[in-house]
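Enquirer: Okay, here's the structure, questions in a sec.
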Amino acid sequence: MFKLYFVLLVAFLNSCINGYDGSVMSGINAMTFYQKYFNIDKVGQHTGIVFSSYTIGNIVGSFFCGPFTDWWGRRWGMFIGASIIILGTCVQALSTSLEMFIGGRFVLGFGVATCATAGPSYVAEMAHPAWRGTLTGLYNTFWFVGGIPATWVAFGAEGIQSDLSWRLPVWLQAIASGLVLLGCLFCPETPRWLVSHDRHEEAIRVMAQYHGEGDRNSPIVLLTYREMIEEIGTNGSDKRWWDYKDLFNTKQAWWRLICVIGMAFFGQWSGNGAVSYCMPILFETIGVTAPKDQFCYNTILNVISFIMATIGARFTDRLGRRPVLLIGTSLFVLWWSIIVTLTALYGYEANPTSTNISLPGARAAIAFIYVFSITYSFAFTPLQALYPVECLAYETRAKGMGMYNLFVNIAAFFNTYAIPVVIERLKWRFYFIYIVWDAFEVVFIYFFFIETKGRTLEEINEIFEAPYPKKKSVQKHIVVVTEHGILDKGLEDC
């Protein structure tokens, strides 16, 4: 099993790459030497282009990452993505002009899109069936493994009195991608990709080594292999890079896509996008104005969020996907209702001329933003990679994850560029939108999201073939070991 954990760790590093860049650029953008070198400010048109070029590269890459991962396999998809990221890192770190730096950001975003597709697909298809939920859930928690060090790197490098202050954090971007590049050389290809390319002997060998403790006749190996043969075709749309029709051409395909796109938008629009914008305002309200102090508060929150996300990854298998999402999103409604009330009564934005702002009230608002972030980390962070991978059939998994990545970036683009403008105009009233939206999420998840707990990836296909997949998914699942050592399975009728 230690070999399995090693190859999954290599895939987890793809999430570190995204977390590092998502955190380090905010610090670089505030550096004096960076601003002087490129003659830009913290905000403005050029800064907006620098940040948006990464998002645009990610969006463009979403249309190529599926074919990369289908053509050459999941591990070579990670290899290609990491190679592109290293290229983008070199272009950025060696930049002599703003245009060159923006180009590097675009290339970097393109590579991240490929890693964000191949990485979770590899984890879900390689993980032991009994631990798939936990292990694939852990994938997204590694965002913090990249993000937390990145904030400290940017904070420490700011004291360097030269252009190295911003070039060094950029160069360090290559560490995680370099480890992915090297690690892929020692990782096997996923059994499902091998079966889809008619390489059955290799697939059995991989499953025996990583799932069956070396036993080719292990019940779990026999069951998984049998399901793969039944469900995975050798001439599916994954062999045709231009063919996306399997994502839309049937009712079950649309239901899958609804779950995937729903997770993309819910994961970005539940209120987490506004936290980074309202926290500095509340910090100033209680007198925490020094950047160092605000940095410490945010770092503490990130560490707590990482711990809660890791715990949440374990509970996705114990509680199930639907209960975690439904309870978590319902709590979002409650937390935002309290935050709106406290911010309206005690926030500086609501009382710009007041000299008697309640510090306990402002501290309470910050506390509930922490509570919201902790709840989000527990409920949503592990499932953002796990749930869409599970909802997609093998033939459409890579292209579908590319679509998921596309909609995540569209939603994130709104968070980055629309939220500051809307908050500036509506002040605390903007948070009412989250109360209404999160309530809508609860209803949507209840009626459309399926339960995938305790089923192999192939067994999930049976759920989507039902007239009403959500109802089918909550039926009791039966697993039987026959006298011949072969597992059988079924869904008990209500």
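So you can find residues: chains in the structure tokens are A, B, ... in the order shown, residues in each start at 1, and ligands are numbered from 1 in order.
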As an MDAnalysis selection string, please: the residues near Lys470 (chain A) (cut-off 8 Å, only C-alpha atoms, same-chain neighbours under 4 positions excluded).
Expert: chainID A and resid 447:451 463 474
Enquirer: Which residues are near region 205-213 of chain A? Cut-off 7 Å, only C-alpha atoms, ignore same chain within fewer than 6 positions. Put them as a list in words.
Expert: Met1, Leu4, His128, Pro191, Ile220 and Val221 of chain A
Enquirer: Emit the selected residues as a CSV table (one decimal), in the first residue's frame, including C-alpha atoms.
Expert:
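Below is the file that was written, out_5.csv:
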```csv
chain,number,residue,atom,x,y,z
A,1,MET,CA,0.0,0.0,0.0
A,4,LEU,CA,0.1,3.3,-3.8
A,128,HIS,CA,-8.2,1.5,-3.7
A,191,PRO,CA,-5.9,0.4,-15.0
A,220,ILE,CA,-11.3,-6.8,-5.3
A,221,VAL,CA,-9.1,-7.2,-8.4
```
Enquirer: As an MDAnalysis selection string, please: all residues of region 68-208 of chain A that backbone DSSP puts in alpha helix (DSSP H).
Expert: chainID A and resid 68:72 74:93 98:126 132:157 164:171 174:183 191:196 200:208
Enquirer: Report as a PyMOL selection string all protein, DNA and RNA residues lying within 9 Å of region 325-327 of chain A, evaluated on only C-alpha atoms, omitting residues in the same chain fewer than 5 positions from it.
Expert: chain A and resi 320+332+379-380+383+441-443+445-446
Enquirer: Could you please take those selected residues and save N, CA, C and O atoms as an mmCIF file, in the first residue's frame?
Expert:
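part-v2.cif was written with the following content:
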```cif
data_model
loop_
_atom_site.group_PDB
_atom_site.id
_atom_site.type_symbol
_atom_site.label_atom_id
_atom_site.label_comp_id
_atom_site.auth_asym_id
_atom_site.auth_seq_id
_atom_site.Cartn_x
_atom_site.Cartn_y
_atom_site.Cartn_z
ATOM 1 N N GLY A 320 -21.219 10.321 3.685
ATOM 2 C CA GLY A 320 -21.770 10.382 2.343
ATOM 3 C C GLY A 320 -21.623 11.770 1.759
ATOM 4 O O GLY A 320 -21.481 12.769 2.481
ATOM 5 N N PHE A 332 -24.247 27.361 5.749
ATOM 6 C CA PHE A 332 -23.827 28.604 5.077
ATOM 7 C C PHE A 332 -24.925 29.664 5.183
ATOM 8 O O PHE A 332 -24.649 30.848 5.410
ATOM 9 N N ALA A 379 -16.845 20.817 4.283
ATOM 10 C CA ALA A 379 -17.897 20.290 3.413
ATOM 11 C C ALA A 379 -17.539 20.321 1.934
ATOM 12 O O ALA A 379 -17.820 19.359 1.201
ATOM 13 N N PHE A 380 -16.926 21.416 1.462
ATOM 14 C CA PHE A 380 -16.752 21.601 0.031
ATOM 15 C C PHE A 380 -15.347 21.295 -0.479
ATOM 16 O O PHE A 380 -15.194 20.751 -1.580
ATOM 17 N N LEU A 383 -14.649 17.748 -1.670
ATOM 18 C CA LEU A 383 -15.558 17.270 -2.714
ATOM 19 C C LEU A 383 -15.389 17.989 -4.043
ATOM 20 O O LEU A 383 -15.929 17.552 -5.054
ATOM 21 N N GLU A 441 -28.894 26.599 -3.439
ATOM 22 C CA GLU A 441 -27.981 25.456 -3.518
ATOM 23 C C GLU A 441 -28.538 24.256 -2.747
ATOM 24 O O GLU A 441 -28.459 23.113 -3.215
ATOM 25 N N VAL A 442 -29.075 24.500 -1.567
ATOM 26 C CA VAL A 442 -29.623 23.409 -0.754
ATOM 27 C C VAL A 442 -30.724 22.679 -1.524
ATOM 28 O O VAL A 442 -30.738 21.443 -1.591
ATOM 29 N N VAL A 443 -31.631 23.443 -2.130
ATOM 30 C CA VAL A 443 -32.734 22.844 -2.885
ATOM 31 C C VAL A 443 -32.199 22.084 -4.094
ATOM 32 O O VAL A 443 -32.620 20.951 -4.377
ATOM 33 N N ILE A 445 -29.166 20.797 -4.645
ATOM 34 C CA ILE A 445 -28.422 19.599 -4.245
ATOM 35 C C ILE A 445 -29.380 18.484 -3.829
ATOM 36 O O ILE A 445 -29.183 17.318 -4.172
ATOM 37 N N TYR A 446 -30.434 18.844 -3.112
ATOM 38 C CA TYR A 446 -31.386 17.836 -2.636
ATOM 39 C C TYR A 446 -32.058 17.095 -3.791
ATOM 40 O O TYR A 446 -32.221 15.877 -3.750
#
```
Enquirer: Which residue gives the smallest distance to Tyr387 (chain A) among A:Pro120, A:Gly271, A:Gly81, A:Gly312, with only C-alpha atoms counted?
Expert: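 The shortest atom-to-atom distance to Tyr387 (chain A) comes from A:Pro120.
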Enquirer: Identify, on the basis of only C-alpha atoms, every residue whose closest approach to region 154-168 of chain A does not exceed 10 Å; exclude the query and any residue fewer than 6 positions from it along the same chain; express the result as a list in words.
Expert: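 Returned residues: Ser23, Val24, Met25, Ser26, Gly27, Ile28, Asn29, Ala30, Met31, Thr32, Phe33, Tyr34, Gln35, Lys36, Tyr37, Thr89, Cys90, Gln92, Ala93, Leu94, Ser95, Lys292 and Phe295 of chain A.
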Enquirer: Which residue is closest to Ile80 (chain A)? Choose from A:Thr96, A:Thr114, A:Asn58, A:Asn405 and count only C-alpha atoms.
Expert: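 Ranking A:Thr96, A:Thr114, A:Asn58, A:Asn405 by distance to Ile80 (chain A), first place goes to A:Thr114.
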Enquirer: Excluding Ile204 (chain A) and residues on its chain fewer than 2 positions from it, collect all residues at most 12 Å away from it, counting only C-alpha atoms, and give them as a ChimeraX atom specification.
Expert: /A:188-195,198-202,206-212,214-218,220-226,228-229
Enquirer: Would you mind listing what lies within 10 Å of Ala412 (chain A) as an NGL selection string, with only C-alpha atoms counted and same-chain residues fewer than 6 positions away left out?
Expert: :A and (55 or 264-265 or 267-269 or 273 or 406 or 418)
Enquirer: Leaving out region 248-263 of chain A and any residue of its chain fewer than 2 positions from it, which residues lie within 7 Å of it when counting only C-alpha atoms, given as a PyMOL selection string?
Expert: chain A and resi 245-246+265-267+384+388+391-392+404+407+449+464-465
Enquirer: Using only C-alpha atoms, find each residue of region 143-239 of chain A with at least one atom at most 12 Å away from an atom of region 132-139 of chain A; report its shortest atom-to-atom pair and that distance in Å (one decimal), sort the rows by chain and rising residue number, and return the result as a tab-separated table.
Expert:
```
residue	atom	partner	partner_atom	distance
A:Trp143	CA	A:Tyr139	CA	7.9
A:Phe144	CA	A:Tyr139	CA	10.4
A:Val145	CA	A:Tyr139	CA	10.4
A:Gly146	CA	A:Tyr139	CA	11.8
A:His211	CA	A:Arg132	CA	11.5
```
Enquirer: Have a look at A:Ala466, A:Ala113, A:Ala174, A:Ala274 and name the one nearest to Ile423 (chain A); count only C-alpha atoms.
Expert: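 Counting only C-alpha atoms, the residue closest to Ile423 (chain A) is A:Ala274.
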